[in-house]
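Okay, data-v3.txt is below, compact mmCIF, C-alpha atoms:
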# COMPACT_ATOMS: atom_id res chain seq x y z
CA MET A 1 -31.30 -22.18 7.74
CA ASN A 2 -32.76 -18.63 7.62
CA LYS A 3 -30.72 -15.48 7.18
CA THR A 4 -30.81 -14.56 10.88
CA GLN A 5 -29.25 -17.91 11.77
CA ILE A 6 -26.61 -17.44 9.07
CA ALA A 7 -25.78 -13.99 10.45
CA LYS A 8 -25.44 -15.29 14.01
CA GLN A 9 -23.27 -18.20 12.88
CA ALA A 10 -20.99 -15.89 10.89
CA THR A 11 -20.43 -13.48 13.79
CA GLN A 12 -20.50 -15.72 16.86
CA LYS A 13 -17.62 -15.43 19.33
CA ARG A 14 -14.51 -17.37 18.31
CA PRO A 15 -13.19 -20.09 20.61
CA TRP A 16 -9.77 -19.35 22.13
CA TYR A 17 -8.07 -21.94 19.95
CA ARG A 18 -9.30 -20.24 16.74
CA PRO A 19 -7.96 -16.64 16.93
CA SER A 20 -8.74 -14.01 14.33
CA LEU A 21 -6.49 -13.57 11.30
CA THR A 22 -4.94 -10.43 12.81
CA THR A 23 -4.01 -12.35 15.97
CA GLN A 24 -2.60 -15.22 13.91
CA ILE A 25 -0.45 -12.80 11.88
CA LEU A 26 0.89 -11.13 15.02
CA LEU A 27 1.67 -14.54 16.52
CA GLY A 28 3.48 -15.50 13.31
CA LEU A 29 5.42 -12.22 13.51
CA VAL A 30 6.58 -12.90 17.07
CA LEU A 31 7.35 -16.60 16.55
CA GLY A 32 9.23 -15.84 13.35
CA GLY A 33 11.35 -13.25 15.16
CA VAL A 34 12.12 -15.74 17.94
CA LEU A 35 13.11 -18.40 15.41
CA GLY A 36 15.40 -16.00 13.54
CA TYR A 37 17.05 -14.94 16.80
CA ILE A 38 17.55 -18.47 18.16
CA SER A 39 18.63 -20.01 14.87
CA PRO A 40 19.63 -17.59 12.08
CA LYS A 41 20.24 -20.60 9.81
CA TRP A 42 16.64 -21.77 10.14
CA GLY A 43 15.48 -18.17 9.82
CA ASN A 44 17.04 -18.10 6.36
CA ASN A 45 15.93 -21.63 5.47
CA VAL A 46 12.20 -20.86 5.92
CA TYR A 47 12.34 -17.69 3.81
CA PHE A 48 10.94 -19.58 0.81
CA LEU A 49 7.57 -19.72 2.63
CA ARG A 50 7.38 -15.94 2.48
CA ASP A 51 8.06 -16.07 -1.28
CA ILE A 52 5.28 -18.64 -1.75
CA PHE A 53 2.81 -16.39 0.06
CA LEU A 54 3.78 -13.29 -1.94
CA ASN A 55 3.61 -15.23 -5.22
CA LEU A 56 0.08 -16.37 -4.39
CA ILE A 57 -0.92 -12.80 -3.59
CA LYS A 58 0.61 -11.47 -6.81
CA SER A 59 -1.42 -14.01 -8.79
CA ILE A 60 -4.59 -12.39 -7.44
CA ILE A 61 -3.84 -8.74 -8.18
CA ALA A 62 -4.16 -8.56 -11.98
CA PRO A 63 -7.48 -10.43 -12.38
CA LEU A 64 -8.92 -8.70 -9.31
CA ILE A 65 -8.11 -5.16 -10.45
CA PHE A 66 -9.23 -5.90 -14.01
CA SER A 67 -12.57 -7.44 -13.04
CA THR A 68 -13.50 -4.90 -10.36
CA LEU A 69 -12.71 -1.93 -12.61
CA VAL A 70 -14.59 -3.32 -15.60
CA VAL A 71 -17.67 -4.12 -13.52
CA GLY A 72 -17.54 -0.82 -11.66
CA ILE A 73 -17.10 1.42 -14.71
CA ALA A 74 -19.04 -0.47 -17.39
CA GLY A 75 -21.76 -1.51 -14.95
CA GLY A 76 -22.38 2.07 -13.85
CA GLY A 77 -22.30 3.44 -17.36
CA ASP A 78 -21.18 6.96 -16.35
CA LEU A 79 -17.84 7.52 -18.04
CA LYS A 80 -17.67 11.20 -17.05
CA GLN A 81 -17.69 10.13 -13.43
CA VAL A 82 -14.51 8.11 -13.99
CA GLY A 83 -12.60 11.20 -15.11
CA ARG A 84 -14.06 13.26 -12.29
CA MET A 85 -13.10 10.64 -9.68
CA GLY A 86 -9.61 10.37 -11.13
CA ALA A 87 -9.08 14.13 -10.95
CA LYS A 88 -10.32 14.29 -7.36
CA ALA A 89 -8.13 11.35 -6.35
CA ILE A 90 -4.98 12.90 -7.89
CA LEU A 91 -5.71 16.23 -6.18
CA TYR A 92 -6.10 14.52 -2.81
CA PHE A 93 -2.95 12.44 -3.40
CA GLU A 94 -0.87 15.53 -4.16
CA ILE A 95 -2.03 17.43 -1.08
CA VAL A 96 -1.46 14.56 1.34
CA THR A 97 1.92 13.46 -0.01
CA THR A 98 3.19 17.06 0.01
CA ILE A 99 2.22 17.35 3.67
CA ALA A 100 4.04 14.04 4.33
CA LEU A 101 7.24 15.43 2.77
CA PHE A 102 7.25 18.54 4.93
CA ILE A 103 6.39 16.67 8.13
CA GLY A 104 9.40 14.46 7.40
CA LEU A 105 11.52 17.56 6.81
CA ALA A 106 10.43 19.09 10.12
CA ILE A 107 10.96 15.99 12.26
CA VAL A 108 14.41 15.13 10.84
CA ASN A 109 15.64 18.69 11.48
CA LEU A 110 14.33 18.48 15.03
CA THR A 111 15.93 15.14 15.95
CA LYS A 112 19.06 15.39 13.71
CA PRO A 113 19.70 11.61 13.47
CA GLY A 114 22.55 12.12 10.97
CA ALA A 115 24.62 14.35 13.22
CA GLY A 116 27.80 12.51 14.18
CA VAL A 117 27.40 9.74 11.57
CA ALA A 118 30.49 9.50 9.34
CA LEU A 119 30.10 8.43 5.71
CA VAL A 120 33.22 6.31 5.29
CA GLY A 121 33.76 2.91 3.67
CA GLY A 122 30.63 0.86 3.16
CA SER A 123 29.49 -1.12 0.16
CA ASP A 124 28.93 0.42 -3.24
CA ILE A 125 25.19 0.95 -3.38
CA THR A 126 25.28 1.12 -7.18
CA THR A 127 25.95 -2.62 -7.20
CA LEU A 128 22.77 -3.13 -5.16
CA VAL A 129 20.63 -0.61 -7.03
CA LYS A 130 21.19 -0.80 -10.76
CA THR A 131 17.97 0.77 -11.96
CA GLN A 132 17.63 4.42 -12.89
CA PRO A 133 14.58 6.34 -11.65
CA GLN A 134 11.95 7.38 -14.13
CA SER A 135 11.45 10.98 -15.17
CA PHE A 136 7.91 12.36 -15.11
CA ARG A 137 7.69 11.99 -18.91
CA ASP A 138 8.85 8.38 -18.69
CA LEU A 139 6.19 7.72 -16.05
CA ILE A 140 3.43 9.07 -18.29
CA VAL A 141 4.58 6.89 -21.21
CA HIS A 142 4.95 3.92 -18.88
CA ILE A 143 1.27 4.11 -17.83
CA PHE A 144 0.08 2.84 -21.21
CA PRO A 145 1.09 -0.81 -21.85
CA SER A 146 2.17 -2.24 -25.18
CA SER A 147 1.02 -5.66 -23.97
CA VAL A 148 -1.44 -6.07 -21.12
CA LEU A 149 -0.41 -9.71 -20.74
CA ASP A 150 3.16 -8.59 -20.11
CA SER A 151 1.87 -6.03 -17.60
CA MET A 152 -0.08 -8.72 -15.76
CA VAL A 153 2.92 -11.05 -15.71
CA ARG A 154 5.11 -8.30 -14.22
CA GLY A 155 2.35 -7.15 -11.87
CA ASP A 156 2.54 -3.55 -13.08
CA VAL A 157 -0.51 -2.13 -11.30
CA LEU A 158 -0.60 1.24 -13.07
CA GLN A 159 -0.58 -0.32 -16.54
CA ILE A 160 -3.27 -2.80 -15.53
CA VAL A 161 -5.45 0.09 -14.31
CA ALA A 162 -4.98 2.03 -17.55
CA PHE A 163 -5.90 -0.95 -19.72
CA SER A 164 -8.86 -1.89 -17.51
CA VAL A 165 -10.33 1.62 -17.66
CA LEU A 166 -10.09 1.73 -21.47
CA PHE A 167 -11.49 -1.80 -21.75
CA ALA A 168 -14.39 -0.89 -19.45
CA MET A 169 -15.17 2.17 -21.58
CA ALA A 170 -15.32 -0.06 -24.66
CA VAL A 171 -17.59 -2.56 -22.87
CA SER A 172 -19.89 0.27 -21.79
CA ALA A 173 -20.05 1.64 -25.34
CA MET A 174 -21.07 -1.79 -26.72
CA GLY A 175 -24.17 -1.95 -24.53
CA GLU A 176 -26.09 -5.24 -24.48
CA LYS A 177 -23.70 -6.93 -26.91
CA ALA A 178 -21.03 -6.86 -24.20
CA ALA A 179 -23.36 -7.99 -21.38
CA PRO A 180 -21.84 -11.52 -21.25
CA ILE A 181 -18.38 -9.99 -20.73
CA LEU A 182 -19.73 -7.84 -17.90
CA ARG A 183 -21.34 -10.83 -16.18
CA GLY A 184 -18.14 -12.82 -16.62
CA CYS A 185 -16.05 -10.07 -15.03
CA ASP A 186 -18.49 -9.85 -12.13
CA ALA A 187 -18.19 -13.60 -11.54
CA LEU A 188 -14.39 -13.34 -11.82
CA ALA A 189 -14.30 -10.62 -9.15
CA GLN A 190 -16.34 -12.76 -6.75
CA VAL A 191 -14.10 -15.77 -7.38
CA MET A 192 -10.94 -13.73 -6.77
CA PHE A 193 -12.29 -12.42 -3.45
CA LYS A 194 -13.01 -15.99 -2.39
CA PHE A 195 -9.55 -17.03 -3.58
CA THR A 196 -8.10 -14.21 -1.46
CA ASN A 197 -9.77 -15.68 1.63
CA TYR A 198 -8.08 -19.03 0.96
CA VAL A 199 -4.65 -17.44 0.44
CA MET A 200 -5.02 -15.45 3.68
CA MET A 201 -5.04 -18.74 5.60
CA PHE A 202 -1.34 -19.03 4.69
CA ALA A 203 -0.57 -15.44 5.75
CA PRO A 204 0.65 -16.17 9.33
CA ILE A 205 3.20 -18.66 7.98
CA GLY A 206 4.42 -16.30 5.26
CA VAL A 207 4.67 -13.42 7.73
CA GLY A 208 6.56 -15.55 10.26
CA ALA A 209 9.04 -16.66 7.60
CA ALA A 210 9.64 -13.04 6.54
CA MET A 211 10.36 -11.94 10.11
CA ALA A 212 12.58 -14.96 10.79
CA HIS A 213 14.67 -14.06 7.75
CA THR A 214 14.93 -10.39 8.78
CA VAL A 215 16.09 -11.15 12.33
CA GLY A 216 18.27 -14.07 11.21
CA THR A 217 20.04 -11.94 8.61
CA GLN A 218 20.24 -8.57 10.33
CA GLY A 219 20.30 -9.63 13.98
CA LEU A 220 18.83 -7.59 16.82
CA GLY A 221 21.95 -5.42 16.81
CA VAL A 222 20.58 -3.64 13.77
CA LEU A 223 18.05 -1.99 16.06
CA VAL A 224 20.90 -0.30 17.94
CA ASN A 225 22.94 0.81 14.93
CA LEU A 226 21.27 3.80 13.29
CA GLY A 227 18.55 3.57 15.94
CA ASN A 228 18.03 7.34 15.89
CA LEU A 229 17.17 7.21 12.19
CA ILE A 230 14.66 4.41 12.70
CA LEU A 231 13.04 6.18 15.68
CA THR A 232 12.89 9.46 13.74
CA LEU A 233 11.08 7.82 10.86
CA TYR A 234 8.56 6.07 13.09
CA LEU A 235 8.00 9.25 15.09
CA GLY A 236 7.31 11.11 11.84
CA LEU A 237 4.94 8.39 10.65
CA ILE A 238 3.03 8.45 13.95
CA ILE A 239 2.70 12.25 13.85
CA PHE A 240 1.54 12.07 10.23
CA VAL A 241 -1.06 9.39 10.95
CA VAL A 242 -2.42 11.11 14.05
CA LEU A 243 -2.51 14.66 12.67
CA VAL A 244 -3.14 14.30 8.94
CA PHE A 245 -5.15 11.09 8.82
CA GLY A 246 -6.91 12.17 12.02
CA LEU A 247 -8.02 15.47 10.48
CA VAL A 248 -9.11 13.76 7.27
CA ILE A 249 -11.13 11.20 9.24
CA PHE A 250 -12.75 14.02 11.25
CA PHE A 251 -13.66 16.27 8.32
CA VAL A 252 -14.75 13.46 5.99
CA ARG A 253 -16.77 11.87 8.83
CA VAL A 254 -15.14 8.45 8.59
CA PRO A 255 -16.41 6.04 11.28
CA LEU A 256 -13.12 5.63 13.17
CA ARG A 257 -13.76 2.36 15.01
CA GLN A 258 -15.05 0.60 11.91
CA PHE A 259 -12.20 1.98 9.79
CA ILE A 260 -9.58 0.68 12.21
CA ARG A 261 -11.31 -2.71 12.25
CA ALA A 262 -11.34 -2.75 8.43
CA VAL A 263 -7.66 -1.87 7.91
CA ARG A 264 -6.04 -3.76 10.78
CA GLU A 265 -5.57 -7.06 8.91
CA PRO A 266 -4.23 -5.61 5.62
CA ALA A 267 -2.09 -3.10 7.55
CA THR A 268 -0.57 -5.89 9.63
CA LEU A 269 0.17 -7.84 6.46
CA ALA A 270 1.79 -4.83 4.81
CA PHE A 271 3.92 -4.17 7.91
CA ALA A 272 5.11 -7.75 8.29
CA THR A 273 5.86 -8.48 4.62
CA THR A 274 7.07 -4.96 3.61
CA SER A 275 4.87 -5.42 0.54
CA SER A 276 1.82 -3.35 -0.29
CA GLU A 277 0.86 -5.96 -2.87
CA SER A 278 0.39 -8.58 -0.17
CA ALA A 279 -2.34 -6.48 1.42
CA LEU A 280 -4.03 -5.06 -1.69
CA PRO A 281 -6.70 -7.78 -2.28
CA LYS A 282 -7.68 -7.90 1.40
CA ALA A 283 -7.76 -4.09 1.61
CA MET A 284 -9.98 -3.78 -1.47
CA GLN A 285 -12.36 -6.33 -0.01
CA ALA A 286 -12.46 -4.50 3.34
CA MET A 287 -13.16 -1.11 1.73
CA GLU A 288 -16.11 -2.56 -0.18
CA ARG A 289 -17.46 -4.04 3.03
CA ILE A 290 -17.19 -0.72 4.87
CA GLY A 291 -19.31 1.08 2.29
CA VAL A 292 -17.12 2.25 -0.62
CA PRO A 293 -18.59 1.32 -4.03
CA ARG A 294 -16.60 -1.22 -6.02
CA HIS A 295 -15.85 1.11 -8.94
CA ILE A 296 -14.28 3.66 -6.59
CA VAL A 297 -12.22 1.03 -4.77
CA GLY A 298 -11.07 -0.44 -8.09
CA LEU A 299 -9.94 2.93 -9.45
CA VAL A 300 -8.58 4.82 -6.44
CA MET A 301 -6.68 2.14 -4.53
CA PRO A 302 -4.51 0.74 -7.38
CA THR A 303 -3.82 4.27 -8.66
CA GLY A 304 -2.72 5.27 -5.18
CA TYR A 305 0.06 2.67 -5.35
CA SER A 306 1.95 5.04 -7.66
CA PHE A 307 0.65 8.46 -6.60
CA ASN A 308 -0.31 8.20 -2.91
CA LEU A 309 2.64 6.63 -1.09
CA ASP A 310 2.47 8.76 2.05
CA GLY A 311 4.82 6.64 4.12
CA SER A 312 7.41 6.37 1.35
CA THR A 313 7.44 10.12 0.66
CA LEU A 314 7.88 10.90 4.37
CA TYR A 315 10.70 8.35 4.47
CA LEU A 316 12.40 10.02 1.49
CA ALA A 317 12.36 13.37 3.29
CA VAL A 318 13.82 11.88 6.48
CA ALA A 319 16.44 9.77 4.70
CA SER A 320 17.64 12.54 2.36
CA VAL A 321 18.20 15.04 5.19
CA PHE A 322 19.79 12.28 7.31
CA VAL A 323 22.40 11.73 4.60
CA ALA A 324 22.88 15.50 4.26
CA GLN A 325 23.50 15.76 8.02
CA ALA A 326 25.96 12.85 7.87
CA ALA A 327 27.69 14.51 4.89
CA GLU A 328 28.19 17.65 6.97
CA THR A 329 29.78 15.53 9.73
CA THR A 330 32.07 13.86 7.18
CA THR A 331 33.17 16.76 4.94
CA GLY A 332 31.71 19.91 6.48
CA HIS A 333 29.40 20.40 3.47
CA HIS A 334 26.34 22.14 4.93
CA VAL A 335 22.89 21.74 3.40
CA GLY A 336 20.77 24.66 4.59
CA LEU A 337 17.01 24.84 4.96
CA GLY A 338 16.61 26.50 1.56
CA GLN A 339 18.45 23.67 -0.19
CA GLN A 340 16.50 21.13 1.84
CA ILE A 341 13.25 22.65 0.55
CA THR A 342 14.66 22.40 -2.98
CA ILE A 343 15.33 18.70 -2.34
CA MET A 344 11.71 18.31 -1.17
CA LEU A 345 10.44 19.92 -4.38
CA ALA A 346 12.57 17.50 -6.40
CA LEU A 347 11.23 14.57 -4.38
CA MET A 348 7.65 15.70 -5.05
CA ILE A 349 8.29 14.91 -8.72
CA THR A 350 10.67 11.94 -8.60
CA SER A 351 8.69 10.08 -5.93
CA LYS A 352 5.72 9.69 -8.30
CA GLY A 353 7.55 6.86 -10.03
CA VAL A 354 8.57 5.27 -6.75
CA ALA A 355 6.50 2.10 -7.23
CA ALA A 356 7.67 1.41 -10.76
CA VAL A 357 11.28 0.36 -10.12
CA PRO A 358 13.05 -2.26 -7.98
CA ARG A 359 14.45 -0.96 -4.67
CA ALA A 360 12.11 1.92 -5.43
CA SER A 361 12.66 4.32 -2.53
CA LEU A 362 16.43 3.78 -2.51
CA VAL A 363 16.64 4.44 -6.25
CA VAL A 364 14.79 7.75 -5.95
CA LEU A 365 16.80 8.70 -2.86
CA LEU A 366 20.13 7.98 -4.57
CA ALA A 367 19.23 9.95 -7.71
CA THR A 368 18.07 12.97 -5.69
CA LEU A 369 21.12 13.03 -3.40
CA ASN A 370 23.50 12.80 -6.35
CA SER A 371 22.06 16.09 -7.59
CA PHE A 372 22.57 17.98 -4.33
CA LEU A 373 25.61 16.49 -2.54
CA PRO A 374 29.29 16.32 -3.50
CA ALA A 375 30.21 13.36 -5.70
CA GLY A 376 30.42 10.06 -3.86
CA LEU A 377 28.55 11.08 -0.70
CA GLY A 378 25.13 10.10 -2.03
CA PRO A 379 26.03 6.42 -2.62
CA LEU A 380 27.86 6.24 0.71
CA GLY A 381 24.86 7.63 2.56
CA VAL A 382 22.39 5.29 0.88
CA ALA A 383 24.73 2.35 1.59
CA VAL A 384 24.60 3.22 5.30
CA ILE A 385 20.79 3.32 5.22
CA PHE A 386 20.59 0.09 3.23
CA GLY A 387 21.39 -2.02 6.29
CA VAL A 388 18.27 -0.91 8.17
CA ASP A 389 16.06 -0.16 5.18
CA GLU A 390 13.90 -3.24 5.65
CA LEU A 391 13.02 -2.25 9.22
CA MET A 392 11.96 1.20 8.02
CA ASP A 393 10.19 -0.32 5.02
CA MET A 394 7.76 -2.04 7.40
CA GLY A 395 6.45 1.23 8.79
CA ARG A 396 6.30 3.17 5.55
CA THR A 397 4.55 0.33 3.70
CA CYS A 398 1.95 0.06 6.44
CA VAL A 399 1.24 3.81 6.26
CA ASN A 400 1.06 3.62 2.45
CA LEU A 401 -1.64 0.97 2.75
CA VAL A 402 -3.69 2.83 5.36
CA GLY A 403 -3.43 6.03 3.33
CA ASN A 404 -4.78 4.36 0.21
CA CYS A 405 -7.67 2.82 2.14
CA LEU A 406 -8.55 6.24 3.55
CA ALA A 407 -8.30 7.79 0.08
CA THR A 408 -11.06 5.50 -1.23
CA ILE A 409 -13.40 6.73 1.51
CA VAL A 410 -12.47 10.37 0.83
CA VAL A 411 -13.29 10.05 -2.88
CA ALA A 412 -16.48 8.08 -2.14
CA ARG A 413 -17.63 10.78 0.29
CA TRP A 414 -16.64 13.48 -2.22
CA GLU A 415 -18.78 11.74 -4.84
CA GLY A 416 -21.69 11.33 -2.38
CA GLU A 417 -21.54 7.54 -2.72
CA PHE A 418 -20.23 6.44 0.67
CA ASP A 419 -22.69 4.05 2.35
CA ASP A 420 -22.90 5.20 5.98
CA HIS A 421 -25.33 2.44 6.91
CA ARG A 422 -22.97 -0.27 5.67
CA ALA A 423 -20.09 1.41 7.55
CA ARG A 424 -22.09 1.42 10.80
CA VAL A 425 -22.89 -2.29 10.57
CA PHE A 426 -19.37 -3.36 9.51
CA GLY A 427 -18.30 -6.46 11.40
CA THR A 428 -21.70 -7.01 13.04
CA PRO A 429 -24.49 -9.58 12.42
CA GLN A 430 -26.40 -6.81 10.62
CA GLU A 431 -23.68 -6.72 7.94
CA VAL A 432 -24.35 -10.35 7.03
CA GLU A 433 -28.08 -9.71 6.89
CA LEU A 434 -27.46 -6.68 4.66
CA ASP A 435 -25.31 -8.79 2.31
CA LEU A 436 -28.03 -11.42 2.13
CA ARG A 437 -30.68 -8.82 1.32
CA SER A 438 -28.40 -7.27 -1.32
CA GLY A 439 -27.89 -10.70 -2.89
CA GLU A 440 -31.62 -11.37 -2.93
CA LEU A 441 -32.27 -7.96 -4.53
CA ALA A 442 -29.60 -8.51 -7.20
CA PHE A 443 -31.09 -11.93 -7.99
CA ALA A 444 -34.57 -10.44 -8.32
CA GLU A 445 -33.34 -7.68 -10.62
CA ALA A 446 -31.52 -10.19 -12.82
CA ALA A 447 -34.63 -12.37 -13.00
CA ALA A 448 -36.76 -9.36 -13.96
CA LYS A 449 -34.37 -8.58 -16.83
CA GLY A 450 -34.55 -12.17 -18.00
CA ASP A 451 -30.85 -12.94 -17.26

What is this file in structure tokens?
Amino acid sequence: MNKTQIAKQATQKRPWYRPSLTTQILLGLVLGGVLGYISPKWGNNVYFLRDIFLNLIKSIIAPLIFSTLVVGIAGGGDLKQVGRMGAKAILYFEIVTTIALFIGLAIVNLTKPGAGVALVGGSDITTLVKTQPQSFRDLIVHIFPSSVLDSMVRGDVLQIVAFSVLFAMAVSAMGEKAAPILRGCDALAQVMFKFTNYVMMFAPIGVGAAMAHTVGTQGLGVLVNLGNLILTLYLGLIIFVVLVFGLVIFFVRVPLRQFIRAVREPATLAFATTSSESALPKAMQAMERIGVPRHIVGLVMPTGYSFNLDGSTLYLAVASVFVAQAAETTTGHHVGLGQQITIMLALMITSKGVAAVPRASLVVLLATLNSFLPAGLGPLGVAVIFGVDELMDMGRTCVNLVGNCLATIVVARWEGEFDDHRARVFGTPQEVELDLRSGELAFAEAAAKGD
């Protein structure tokens, strides 16, 4: 079979009974919601399927990040570029997340979802959130692991990135002596991408189980209670995506149609499972396919999981002012615009550790509110939000994922390494032909070197 036939076979129209993965995930989402509504008991009973799916995904993340970073950095051999890319990525992260905070501040003051909400009774949120947020100094110390095996077991992405970068620098410095390690990491990366494809076959079931549990536990009534808060958050996220991401896509010259096609599956996964980790392997694979070099994907996307959480930072702005508005209804304590801006400045710092603790966004929110509201109101406000947090987590996690995908393209374009030709042929028969030619070229180069 020649490469043209392979390309046609890989991209031929699917029969109706074999829908795309995105369609399967959406079907699982709907069917899971129906199951949870009809039978809450069964909605809770199937939740273990969601845990199986997430556990499989988590098993991919550490070897995938390690192998892609080592191959990308040590294979390229330009260590100065790594530092330059890191600095550019952090600068972009800071600009975008700051904009997200102030868009959240503007929309929550416009809609005022907390007006009329009384902070009385409720569960003690400190029994649900027992972890303290990290200070900026703690976050810096936390980046560097004492045991990389422990970091991989816990799935600590930032520590895995730090170790992988240092390991790749050592491999690069060793030259030919470390060539077997480099080839082994390259093979490991390819195997993990193939493994990801297998795990994705289970995604519709895992997504359906997650939605069945959410509806079975919370009920549809949760959409009515605190509905203004949920609508405010999603309105803010939509405005942020359209305006900020739209401008970035325009100025960076990102092919919009191909980008949407690339992120739709990982974004759907992130939305349905409320877990960025579930979408990370698929997103990294998609960004490589659309034309971002592997070493940029391997560095920027995992780092963004701690420093570029656009959806989560916007959520923190909305939720903090919501509680402040509810506090004014309850006690008359007014939080003016100046104090709200002070809260935003505090969130700019505390939100950088948002991915490093359990119940991450709620932990940061609780710590910030305790500093600005009368004693006791912060926990009461967070307890009110806790009931609908999972519904809001869907949207903010999805935006986090899309933002990190876009960041890889921004840095690649900034470095002059974005492959426009590969982006144009994404998802077409020409992409398969290009992959085949790339494979043939790599084989020829290896043969010429005597590998």

Which of A:Val402, A:Leu365, A:Ile230, A:Val244 sits closest to Ala317 of chain A [using all atoms listed in the file]: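 Closest residue, counting all atoms listed in the file: A:Leu365.
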
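Distance-wise, atom CA of Leu26 of chain A and atom CA of Ala210 of chain A end up 12.3 Å apart.
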
Near-segment 257-261 of chain A list (10 Å; all atoms listed in the file; drop same-chain fewer than 2 positions) as a list in words: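 The contact residues come out as Ile249, Val254, Pro255, Val263, Arg264, Glu265, Ala267, Ala286, Met287, Ile290, Val402, Cys405, Leu406, Ile409, Ala423, Arg424, Val425, Phe426 and Gly427 of chain A.
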
For segment 153-167 of chain A, find every residue with an atom within 7 Å (counting only C-alpha atoms), except residues of its own chain fewer than 6 positions away, and show them as a PDB file with C-alpha atoms, in the frame of the given file.
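Output below, filename around28.pdb:
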ATOM      1  CA  LYS A  58       0.610 -11.470  -6.810  1.00  0.00           C
ATOM      2  CA  ALA A  62      -4.160  -8.560 -11.980  1.00  0.00           C
ATOM      3  CA  PHE A  66      -9.230  -5.900 -14.010  1.00  0.00           C
ATOM      4  CA  LEU A  69     -12.710  -1.930 -12.610  1.00  0.00           C
ATOM      5  CA  VAL A  70     -14.590  -3.320 -15.600  1.00  0.00           C
ATOM      6  CA  ILE A 143       1.270   4.110 -17.830  1.00  0.00           C
ATOM      7  CA  PHE A 144       0.080   2.840 -21.210  1.00  0.00           C
ATOM      8  CA  PRO A 145       1.090  -0.810 -21.850  1.00  0.00           C
ATOM      9  CA  PRO A 302      -4.510   0.740  -7.380  1.00  0.00           C
ATOM     10  CA  THR A 303      -3.820   4.270  -8.660  1.00  0.00           C
TER      11      THR A 303
END

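Distance-wise, atom CA of Thr98 of chain A and atom CA of Leu316 of chain A end up 11.7 Å apart.
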
Distance criterion (only C-alpha atoms): nearest to Gly116 of chain A out of A:Gln190, A:Thr330, A:Ser312, A:Ser67: A:Thr330
